[in-house]
Every structure is written in structure tokens, then in C-alpha cells.
2 protein chains.
Amino acid sequence: MTSTDATPPLPPLRPTRQRRAVVEAMASFADFRSAQEIHELLGERGEQVGLATVYRTLQRLADAGEVDVLRTEDGEAIYRRCSDSHHHHLVCRSCGATVEVEGPTVERWTSAIAAEHGYADVSHALEIFGTCPRCR
Amino acid sequence: MTSTDATPPLPPLRPTRQRRAVVEAMASFADFRSAQEIHELLGERGEQVGLATVYRTLQRLADAGEVDVLRTEDGEAIYRRCSDSHHHHLVCRSCGATVEVEGPTVERWTSAIAAEHGYADVSHALEIFGTCPRCR
DNA sequence: GACATGTTGACAATCATTCTCAAATAACCT
DNA sequence: AGGTTATTTGAGAATGATTGTCAACATGTC
């Protein structure tokens, strides 16, 4: 421990055309999209990027906290740029109608609970399900 | 609209050996397990049930609100009997250590939000992620 | 420019989950 | 009981998202 050997083993990360394209694509919408949808979007934009690369890049971005990841009810991963306002989803079990909700309550509670147990770098995912007015 | 033709098209549902076996298996543990794990468990118990049947039954139970379904971060569906005490999970991003937490705060907030938007039969899923003390 | 690495893409490989369909079995009716 | 019909089951094929493989490529550096 001679000096500042605290450098984490993080690889350099290069600004490639593909990487840029994915980031730009992510900037072009505000909702959650699947990797495949994003891949398509890139195609339409004329940016040819391999599907595997899209997956890899999305993962990197997620690890880096640049994007949020969620799972649809059937297990598909969906991504969104992270994020102006952190919010949650109120989803209708019957018709799928979604309302975005947010509030400091949950944020505070989760932080408190996590701190209480000594957890750091806290994040959370909350989904609320119910039957919407139109489906009652 | 002559009379009470309000009967929904729900099929009968039969109490088969397999169905019973799955329900019993679900009663035998309190945490979340994957369909495959449950299938194994059944095998160990000497109850031979096809994997597809396990999936089908689990789905039925979930639809009926008999079990809770969640998704692991890698998209696997996990099930648990629904449920003595409703609680959430505080999961370590690094080592996976899990703490079960609960509290009226979130319950209240979600109910309030849902009501506010006219949603009924509310339920929710909340997962908190962070880095646990041992992994810091 | 030449080199050492991080990256990419095409395609194969995984893996959970769903589908298919003939055989087994409840529930019913007589 | 015997016969009839709608469900359910199981084995294996099929699907579909995601990840792994590996040779060809692109970047940053000297």
C-alpha cells in the first residue's frame, strides 16, 4: 500500500459509432423500450448496429446507472434513459393502462430502510397493480 | 338481457393429484422459488408432476391470486404462497444477500395513490437494491 | 504507421417458458 | 356401472429473449 493503488479495474470504454448511436437512440424517447425495439429504432434511423451489441451496450449503461431497467410481466427487459424524474407505474391488471406516479414517500422510506440495514447505493423498483376505473 | 347472464366464461377447474401436489408444495416454504425449483421439490417429495403442468398450475394460482409472482433481475419468474405477512426485499446488488422488510408506509402510500386514480384491488411489488455492509 | 486492446457482428448456444396433441381422467348423465 | 364429454396431463418440440464465441475491426498510444 505504497500510494494510491485505489484505481478500480474498470476498462477504458471507447466511444464507438455504435455506442454513440445507442445513447442517442435512448435520448430520443422517454418511456421504457425493449432491447429489440431499440435495435429496430436504430435500424430505422439508418444506424446499423448488431443486436448483440445493443444488448451489451444497454447492459453497460445500466451498470453505469445511465439507464433504468425494468421487467415486463412476461420477463422481457425494458430500458429507459435515467431519468429526469424517478417515478413508478400504476398498471391496470386488466387492460394494461398505465399511470406514472411519483412521490417522496417511498423514496424516503426505502432510503431509511436501506440505511438501517447498512445498505449503500440504494435504488428501488416499485410497481402498483390494480383494476382501473374503466375495467371495474 | 333476459336474466342473470352475467356468468363469466371461467372453466370449471378440477382437483387433480398434480394440482393438489403443487398447492401443497407451495405451502411447504415461505420464500420465493422458481418454477423449476418447485418442480424439483415435487420430485424429491415423490410427487411426479410434469414441468409444463407445474408452470400451468402456477399460472392459474397466480391468476387466482393464490400466489405472488416476482421476477429476478435476470428475468426468471419466482413464486411464493400469498401470504401471511406481506413484505419486500432488500437485495444486495453484489452478493445477493436479502433482507425481508415491511412497513405500513408503502402499503398506505400505494393504496392512496391507487385510490386517487380510481384503481381497485390494489397490490404492489417493491424491491430495494443496494450494496450490503459486507460488500462495501 | 505498428501495436495492444477494447469492440463488433454473425451465428451458435442457452435457458426459461409455452405450445402441441394424443392419452388419461374427472364430472355427468342414464 | 357404462358411456360421453370437456379438462388436464406429459413428453417433447417450438419459441424467443438473452448470452457466448471468435475472427475481423477500430481506437488510443508511442
# chains A, B, ... in the order shown; residues from 1 in each chain; ligands from 1

$ closest_atom_pairs --of "range 23-128 of chain B" --to "range 7-30 of chain D" --cutoff "12 Å" --atoms "only C-alpha atoms (C1' of nucleotides)" --output "CSV"
residue,atom,partner,partner_atom,distance
B:Gln48,CA,D:DG10,C1',10.4
B:Val49,CA,D:DG10,C1',8.3
B:Gly50,CA,D:DG10,C1',5.8
B:Leu51,CA,D:DG10,C1',8.4
B:Ala52,CA,D:DG10,C1',7.8
B:Thr53,CA,D:DT9,C1',6.9
B:Val54,CA,D:DT9,C1',10.4
B:Arg56,CA,D:DT8,C1',10.3
B:Thr57,CA,D:DT8,C1',10.5
B:Asp74,CA,D:DT18,C1',9.4
B:Gly75,CA,D:DA17,C1',9.7
B:Glu76,CA,D:DA17,C1',11.7

$ write_last_selection --atoms "N, CA, C and O atoms" --output "short mmCIF file (atom, residue, chain, number, x, y, z; two decimals), in the first residue's frame"
data_model
loop_
_atom_site.label_atom_id
_atom_site.label_comp_id
_atom_site.auth_asym_id
_atom_site.auth_seq_id
_atom_site.Cartn_x
_atom_site.Cartn_y
_atom_site.Cartn_z
N GLN B 48 -44.63 -37.07 -8.75
CA GLN B 48 -44.22 -36.87 -10.13
C GLN B 48 -45.20 -35.94 -10.84
O GLN B 48 -46.35 -36.28 -11.03
N VAL B 49 -44.72 -34.74 -11.21
CA VAL B 49 -45.57 -33.80 -11.94
C VAL B 49 -44.77 -33.20 -13.08
O VAL B 49 -43.63 -32.78 -12.89
N GLY B 50 -45.34 -33.19 -14.24
CA GLY B 50 -44.64 -32.66 -15.41
C GLY B 50 -44.32 -31.18 -15.25
O GLY B 50 -45.09 -30.43 -14.65
N LEU B 51 -43.19 -30.78 -15.81
CA LEU B 51 -42.76 -29.39 -15.68
C LEU B 51 -43.80 -28.44 -16.26
O LEU B 51 -44.15 -27.42 -15.66
N ALA B 52 -44.31 -28.78 -17.42
CA ALA B 52 -45.31 -27.92 -18.06
C ALA B 52 -46.51 -27.74 -17.15
O ALA B 52 -47.07 -26.66 -17.05
N THR B 53 -46.88 -28.80 -16.49
CA THR B 53 -48.02 -28.74 -15.58
C THR B 53 -47.74 -27.81 -14.41
O THR B 53 -48.60 -27.07 -13.97
N VAL B 54 -46.51 -27.88 -13.92
CA VAL B 54 -46.13 -27.00 -12.83
C VAL B 54 -46.29 -25.55 -13.29
O VAL B 54 -46.91 -24.74 -12.61
N ARG B 56 -48.17 -24.41 -15.71
CA ARG B 56 -49.59 -24.10 -15.90
C ARG B 56 -50.28 -23.85 -14.56
O ARG B 56 -51.03 -22.87 -14.41
N THR B 57 -50.02 -24.74 -13.62
CA THR B 57 -50.69 -24.61 -12.33
C THR B 57 -50.29 -23.33 -11.63
O THR B 57 -51.13 -22.61 -11.08
N ASP B 74 -32.63 -11.33 -13.51
CA ASP B 74 -32.38 -11.88 -14.83
C ASP B 74 -33.63 -12.46 -15.48
O ASP B 74 -33.54 -13.29 -16.37
N GLY B 75 -34.78 -12.04 -15.00
CA GLY B 75 -35.99 -12.34 -15.74
C GLY B 75 -36.70 -13.64 -15.41
O GLY B 75 -37.71 -13.96 -16.01
N GLU B 76 -36.19 -14.38 -14.44
CA GLU B 76 -36.85 -15.62 -14.07
C GLU B 76 -38.06 -15.30 -13.18
O GLU B 76 -37.99 -14.42 -12.34
#

$ residues_around --residues "range 97-111 of chain B" --least-positions-apart "4" --cutoff "8 Å" --atoms "only C-alpha atoms (C1' of nucleotides)" --output "VMD selection string"
(chain A and resid 105 to 106 109 113 128) or (chain B and resid 86 to 92 115 122 124 132)

$ write_last_selection --atoms "N, CA and C atoms" --output "PDB file, in the first residue's frame"
ATOM      1  N   THR A 105     -42.496   9.931  -0.587  1.00  0.00           N
ATOM      2  CA  THR A 105     -42.750   8.979   0.493  1.00  0.00           C
ATOM      3  C   THR A 105     -41.928   7.711   0.349  1.00  0.00           C
ATOM      4  N   VAL A 106     -42.111   7.072  -0.792  1.00  0.00           N
ATOM      5  CA  VAL A 106     -41.429   5.805  -0.997  1.00  0.00           C
ATOM      6  C   VAL A 106     -39.926   5.992  -1.036  1.00  0.00           C
ATOM      7  N   TRP A 109     -38.728   6.267   2.447  1.00  0.00           N
ATOM      8  CA  TRP A 109     -38.858   5.028   3.186  1.00  0.00           C
ATOM      9  C   TRP A 109     -37.782   4.022   2.792  1.00  0.00           C
ATOM     10  N   ILE A 113     -34.928   2.501   5.272  1.00  0.00           N
ATOM     11  CA  ILE A 113     -34.825   1.064   5.499  1.00  0.00           C
ATOM     12  C   ILE A 113     -33.448   0.557   5.118  1.00  0.00           C
ATOM     13  N   ILE A 128     -47.221  -0.836  -9.024  1.00  0.00           N
ATOM     14  CA  ILE A 128     -48.510  -0.984  -8.353  1.00  0.00           C
ATOM     15  C   ILE A 128     -49.511  -1.548  -9.352  1.00  0.00           C
TER      16      ILE A 128
ATOM     17  N   HIS B  86     -47.196  -9.637   4.277  1.00  0.00           N
ATOM     18  CA  HIS B  86     -46.699  -9.046   3.044  1.00  0.00           C
ATOM     19  C   HIS B  86     -45.416  -8.276   3.337  1.00  0.00           C
ATOM     20  N   HIS B  87     -44.359  -8.604   2.655  1.00  0.00           N
ATOM     21  CA  HIS B  87     -43.118  -7.867   2.885  1.00  0.00           C
ATOM     22  C   HIS B  87     -42.356  -7.689   1.578  1.00  0.00           C
ATOM     23  N   HIS B  88     -41.279  -6.924   1.665  1.00  0.00           N
ATOM     24  CA  HIS B  88     -40.489  -6.647   0.470  1.00  0.00           C
ATOM     25  C   HIS B  88     -39.063  -7.113   0.670  1.00  0.00           C
ATOM     26  N   HIS B  89     -38.258  -6.954  -0.357  1.00  0.00           N
ATOM     27  CA  HIS B  89     -36.895  -7.453  -0.273  1.00  0.00           C
ATOM     28  C   HIS B  89     -35.863  -6.364  -0.477  1.00  0.00           C
ATOM     29  N   LEU B  90     -34.874  -6.401   0.386  1.00  0.00           N
ATOM     30  CA  LEU B  90     -33.735  -5.505   0.275  1.00  0.00           C
ATOM     31  C   LEU B  90     -32.584  -6.386  -0.178  1.00  0.00           C
ATOM     32  N   VAL B  91     -32.201  -6.226  -1.413  1.00  0.00           N
ATOM     33  CA  VAL B  91     -31.259  -7.155  -2.018  1.00  0.00           C
ATOM     34  C   VAL B  91     -29.902  -6.522  -2.289  1.00  0.00           C
ATOM     35  N   CYS B  92     -28.839  -7.243  -1.946  1.00  0.00           N
ATOM     36  CA  CYS B  92     -27.501  -6.733  -2.240  1.00  0.00           C
ATOM     37  C   CYS B  92     -27.165  -6.991  -3.699  1.00  0.00           C
ATOM     38  N   ALA B 115     -56.085   4.679  -5.163  1.00  0.00           N
ATOM     39  CA  ALA B 115     -57.435   5.190  -4.950  1.00  0.00           C
ATOM     40  C   ALA B 115     -57.601   6.513  -5.685  1.00  0.00           C
ATOM     41  N   VAL B 122     -55.974  -3.293  -5.339  1.00  0.00           N
ATOM     42  CA  VAL B 122     -54.573  -2.920  -5.480  1.00  0.00           C
ATOM     43  C   VAL B 122     -53.606  -3.904  -4.840  1.00  0.00           C
ATOM     44  N   HIS B 124     -49.026  -4.616  -4.965  1.00  0.00           N
ATOM     45  CA  HIS B 124     -47.814  -3.985  -5.457  1.00  0.00           C
ATOM     46  C   HIS B 124     -46.593  -4.845  -5.236  1.00  0.00           C
ATOM     47  N   CYS B 132     -24.608  -4.227   0.334  1.00  0.00           N
ATOM     48  CA  CYS B 132     -24.695  -4.564   1.747  1.00  0.00           C
ATOM     49  C   CYS B 132     -23.383  -4.246   2.466  1.00  0.00           C
TER      50      CYS B 132
END

$ interface_residues --of "chain B" --to "chain A" --cutoff "6 Å" --atoms "only C-alpha atoms" --output "list in words"
Gly75, Gly118, Tyr119, Ala120, Asp121, Val122, Ser123, His124, Ala125, Leu126, Glu127, Ile128, Phe129, Gly130, Thr131, Cys132 and Pro133 of chain B

$ atom_distance --atom1 "CA of Ser34 in chain B" --atom2 "CA of Thr16 in chain B"
21.7 Å

$ select_by_dssp --residues "range 48-77 of chain B" --states "alpha helix (DSSP H)" --output "list in words"
Leu51, Ala52, Thr53, Val54, Tyr55, Arg56, Thr57, Leu58, Gln59, Arg60, Leu61, Ala62 and Asp63 of chain B

$ residues_around --residues "Glu37 in chain A" --least-positions-apart "2" --cutoff "12 Å" --atoms "only C-alpha atoms (C1' of nucleotides)" --output "ChimeraX atom specification"
/A:22,25-26,29,31-35,39-44,51,54-55,76-80

$ write_last_selection --atoms "C-alpha atoms" --output "mmCIF file, in the first residue's frame"
data_model
loop_
_atom_site.group_PDB
_atom_site.id
_atom_site.type_symbol
_atom_site.label_atom_id
_atom_site.label_comp_id
_atom_site.auth_asym_id
_atom_site.auth_seq_id
_atom_site.Cartn_x
_atom_site.Cartn_y
_atom_site.Cartn_z
ATOM 1 C CA VAL A 22 -27.401 3.636 -28.794
ATOM 2 C CA ALA A 25 -31.406 6.495 -29.501
ATOM 3 C CA MET A 26 -32.018 6.296 -25.774
ATOM 4 C CA PHE A 29 -37.689 8.609 -26.197
ATOM 5 C CA ASP A 31 -40.597 5.627 -21.952
ATOM 6 C CA PHE A 32 -39.424 2.086 -21.491
ATOM 7 C CA ARG A 33 -38.421 0.099 -24.580
ATOM 8 C CA SER A 34 -37.141 -3.399 -25.082
ATOM 9 C CA ALA A 35 -33.696 -4.083 -26.435
ATOM 10 C CA HIS A 39 -32.441 -2.222 -32.099
ATOM 11 C CA GLU A 40 -35.228 -1.655 -34.604
ATOM 12 C CA LEU A 41 -35.286 2.038 -33.877
ATOM 13 C CA LEU A 42 -31.583 2.170 -34.698
ATOM 14 C CA GLY A 43 -32.238 0.396 -37.954
ATOM 15 C CA GLU A 44 -34.905 2.909 -38.948
ATOM 16 C CA LEU A 51 -28.398 -6.840 -31.834
ATOM 17 C CA VAL A 54 -27.288 -3.306 -28.442
ATOM 18 C CA TYR A 55 -27.704 -5.760 -25.583
ATOM 19 C CA GLU A 76 -38.700 -9.035 -21.030
ATOM 20 C CA ALA A 77 -36.159 -6.406 -20.040
ATOM 21 C CA ILE A 78 -37.095 -2.844 -20.875
ATOM 22 C CA TYR A 79 -34.867 0.205 -20.739
ATOM 23 C CA ARG A 80 -35.250 3.923 -20.455
#

$ closest_atom_pairs --of "chain C" --to "chain B" --cutoff "12 Å" --atoms "only C-alpha atoms (C1' of nucleotides)" --output "JSON lines"
{"residue": "C:DC15", "atom": "C1'", "partner": "B:Glu76", "partner_atom": "CA", "distance": 10.0}
{"residue": "C:DA16", "atom": "C1'", "partner": "B:Glu76", "partner_atom": "CA", "distance": 7.0}
{"residue": "C:DT17", "atom": "C1'", "partner": "B:Tyr55", "partner_atom": "CA", "distance": 8.0}
{"residue": "C:DT18", "atom": "C1'", "partner": "B:Ala52", "partner_atom": "CA", "distance": 8.3}
{"residue": "C:DC19", "atom": "C1'", "partner": "B:Ala52", "partner_atom": "CA", "distance": 10.0}
{"residue": "C:DA24", "atom": "C1'", "partner": "B:Thr16", "partner_atom": "CA", "distance": 11.8}
{"residue": "C:DT25", "atom": "C1'", "partner": "B:Thr16", "partner_atom": "CA", "distance": 8.8}
{"residue": "C:DA26", "atom": "C1'", "partner": "B:Arg14", "partner_atom": "CA", "distance": 7.0}
{"residue": "C:DA27", "atom": "C1'", "partner": "B:Arg14", "partner_atom": "CA", "distance": 9.0}

$ atom_distance --atom1 "C1' of DC21 in chain C" --atom2 "C1' of DT4 in chain D"
20.4 Å

$ atom_distance --atom1 "CA of Arg81 in chain A" --atom2 "CA of Arg19 in chain A"
14.1 Å

$ residues_around --residues "DG3 in chain D" --least-positions-apart "2" --cutoff "10 Å" --atoms "only C-alpha atoms (C1' of nucleotides)" --output "VMD selection string"
(chain C and resid 29 to 30) or (chain D and resid 1 5)

$ decode --residues "chain A" --atoms "C-alpha atoms" --output "compact mmCIF listing (two decimals), in the first residue's frame"
# COMPACT_ATOMS: atom_id res chain seq x y z
CA MET A 1 0.00 0.00 0.00
CA THR A 2 2.58 2.41 -1.16
CA SER A 3 0.38 5.01 -2.72
CA THR A 4 -2.97 5.49 -4.43
CA ASP A 5 -3.49 1.98 -5.72
CA ALA A 6 -7.19 2.53 -5.31
CA THR A 7 -7.78 2.55 -9.07
CA PRO A 8 -10.67 0.18 -9.74
CA PRO A 9 -10.18 -2.36 -12.53
CA LEU A 10 -12.58 -0.59 -14.82
CA PRO A 11 -11.72 -0.98 -18.50
CA PRO A 12 -11.34 2.20 -20.59
CA LEU A 13 -14.59 2.21 -22.56
CA ARG A 14 -14.36 3.53 -26.06
CA PRO A 15 -16.60 5.98 -27.86
CA THR A 16 -17.55 3.96 -30.87
CA ARG A 17 -20.13 4.75 -33.51
CA GLN A 18 -22.41 2.03 -32.16
CA ARG A 19 -22.11 3.18 -28.60
CA ARG A 20 -22.96 6.73 -29.57
CA ALA A 21 -25.86 5.55 -31.69
CA VAL A 22 -27.40 3.64 -28.79
CA VAL A 23 -27.00 6.53 -26.40
CA GLU A 24 -28.58 8.89 -28.90
CA ALA A 25 -31.41 6.49 -29.50
CA MET A 26 -32.02 6.30 -25.77
CA ALA A 27 -32.22 10.06 -25.69
CA SER A 28 -34.92 10.06 -28.33
CA PHE A 29 -37.69 8.61 -26.20
CA ALA A 30 -38.77 8.87 -22.60
CA ASP A 31 -40.60 5.63 -21.95
CA PHE A 32 -39.42 2.09 -21.49
CA ARG A 33 -38.42 0.10 -24.58
CA SER A 34 -37.14 -3.40 -25.08
CA ALA A 35 -33.70 -4.08 -26.43
CA GLN A 36 -35.23 -5.38 -29.62
CA GLU A 37 -37.33 -2.27 -30.08
CA ILE A 38 -34.28 -0.13 -29.58
CA HIS A 39 -32.44 -2.22 -32.10
CA GLU A 40 -35.23 -1.66 -34.60
CA LEU A 41 -35.29 2.04 -33.88
CA LEU A 42 -31.58 2.17 -34.70
CA GLY A 43 -32.24 0.40 -37.95
CA GLU A 44 -34.90 2.91 -38.95
CA ARG A 45 -32.52 5.70 -38.13
CA GLY A 46 -30.06 4.23 -40.56
CA GLU A 47 -27.62 3.32 -37.82
CA GLN A 48 -26.72 -0.28 -38.39
CA VAL A 49 -25.88 -1.85 -35.02
CA GLY A 50 -25.78 -5.56 -34.23
CA LEU A 51 -28.40 -6.84 -31.83
CA ALA A 52 -25.80 -8.34 -29.54
CA THR A 53 -24.07 -5.00 -29.38
CA VAL A 54 -27.29 -3.31 -28.44
CA TYR A 55 -27.70 -5.76 -25.58
CA ARG A 56 -24.12 -5.31 -24.46
CA THR A 57 -24.29 -1.54 -24.60
CA LEU A 58 -27.57 -1.42 -22.76
CA GLN A 59 -26.05 -3.55 -20.03
CA ARG A 60 -23.07 -1.28 -19.71
CA LEU A 61 -25.31 1.72 -19.50
CA ALA A 62 -27.42 0.03 -16.89
CA ASP A 63 -24.37 -0.92 -14.83
CA ALA A 64 -23.17 2.63 -15.08
CA GLY A 65 -26.53 3.83 -13.90
CA GLU A 66 -27.18 5.67 -17.14
CA VAL A 67 -30.38 3.81 -17.82
CA ASP A 68 -33.12 2.20 -15.78
CA VAL A 69 -34.05 -1.40 -16.34
CA LEU A 70 -37.38 -2.95 -15.62
CA ARG A 71 -39.02 -6.26 -16.39
CA THR A 72 -42.34 -6.61 -18.12
CA GLU A 73 -44.70 -9.12 -16.58
CA ASP A 74 -43.57 -11.67 -19.10
CA GLY A 75 -39.93 -11.26 -18.24
CA GLU A 76 -38.70 -9.04 -21.03
CA ALA A 77 -36.16 -6.41 -20.04
CA ILE A 78 -37.09 -2.84 -20.87
CA TYR A 79 -34.87 0.21 -20.74
CA ARG A 80 -35.25 3.92 -20.46
CA ARG A 81 -32.81 6.76 -20.11
CA CYS A 82 -32.25 7.56 -16.47
CA SER A 83 -34.10 9.88 -15.77
CA ASP A 84 -35.46 13.27 -15.31
CA SER A 85 -37.93 12.31 -12.67
CA HIS A 86 -37.85 8.99 -10.97
CA HIS A 87 -41.34 7.60 -10.97
CA HIS A 88 -43.27 4.37 -10.69
CA HIS A 89 -46.08 2.71 -12.55
CA LEU A 90 -49.66 2.11 -11.65
CA VAL A 91 -50.75 -0.60 -14.02
CA CYS A 92 -54.21 -1.94 -14.75
CA ARG A 93 -54.22 -5.70 -14.40
CA SER A 94 -56.99 -5.99 -16.93
CA CYS A 95 -56.32 -3.57 -19.77
CA GLY A 96 -52.74 -2.56 -19.04
CA ALA A 97 -53.48 1.15 -18.77
CA THR A 98 -50.52 2.76 -17.06
CA VAL A 99 -50.23 5.86 -14.95
CA GLU A 100 -46.87 7.21 -13.92
CA VAL A 101 -46.77 8.17 -10.28
CA GLU A 102 -44.12 9.53 -8.02
CA GLY A 103 -43.67 10.83 -4.56
CA PRO A 104 -41.09 11.38 -1.91
CA THR A 105 -42.75 8.98 0.49
CA VAL A 106 -41.43 5.81 -1.00
CA GLU A 107 -38.07 7.31 -1.79
CA ARG A 108 -37.62 8.28 1.81
CA TRP A 109 -38.86 5.03 3.19
CA THR A 110 -36.62 2.89 1.02
CA SER A 111 -33.59 5.02 1.83
CA ALA A 112 -34.32 4.80 5.51
CA ILE A 113 -34.82 1.06 5.50
CA ALA A 114 -31.69 0.51 3.46
CA ALA A 115 -29.60 2.72 5.71
CA GLU A 116 -30.99 0.94 8.72
CA HIS A 117 -29.57 -2.28 7.37
CA GLY A 118 -26.30 -0.75 6.29
CA TYR A 119 -27.01 -0.92 2.58
CA ALA A 120 -25.47 1.73 0.34
CA ASP A 121 -26.07 2.95 -3.22
CA VAL A 122 -29.73 2.31 -2.89
CA SER A 123 -32.17 2.12 -5.73
CA HIS A 124 -35.56 0.53 -5.98
CA ALA A 125 -38.29 -0.66 -8.26
CA LEU A 126 -41.95 -0.36 -7.42
CA GLU A 127 -44.93 -1.40 -9.46
CA ILE A 128 -48.51 -0.98 -8.35
CA PHE A 129 -51.22 -3.17 -9.82
CA GLY A 130 -54.95 -2.71 -9.72
CA THR A 131 -58.11 -2.52 -11.75
CA CYS A 132 -58.60 0.80 -13.46
CA PRO A 133 -61.88 2.74 -13.41
CA ARG A 134 -62.83 1.70 -16.92
CA CYS A 135 -62.41 -2.00 -16.20
CA ARG A 136 -64.33 -2.13 -12.95
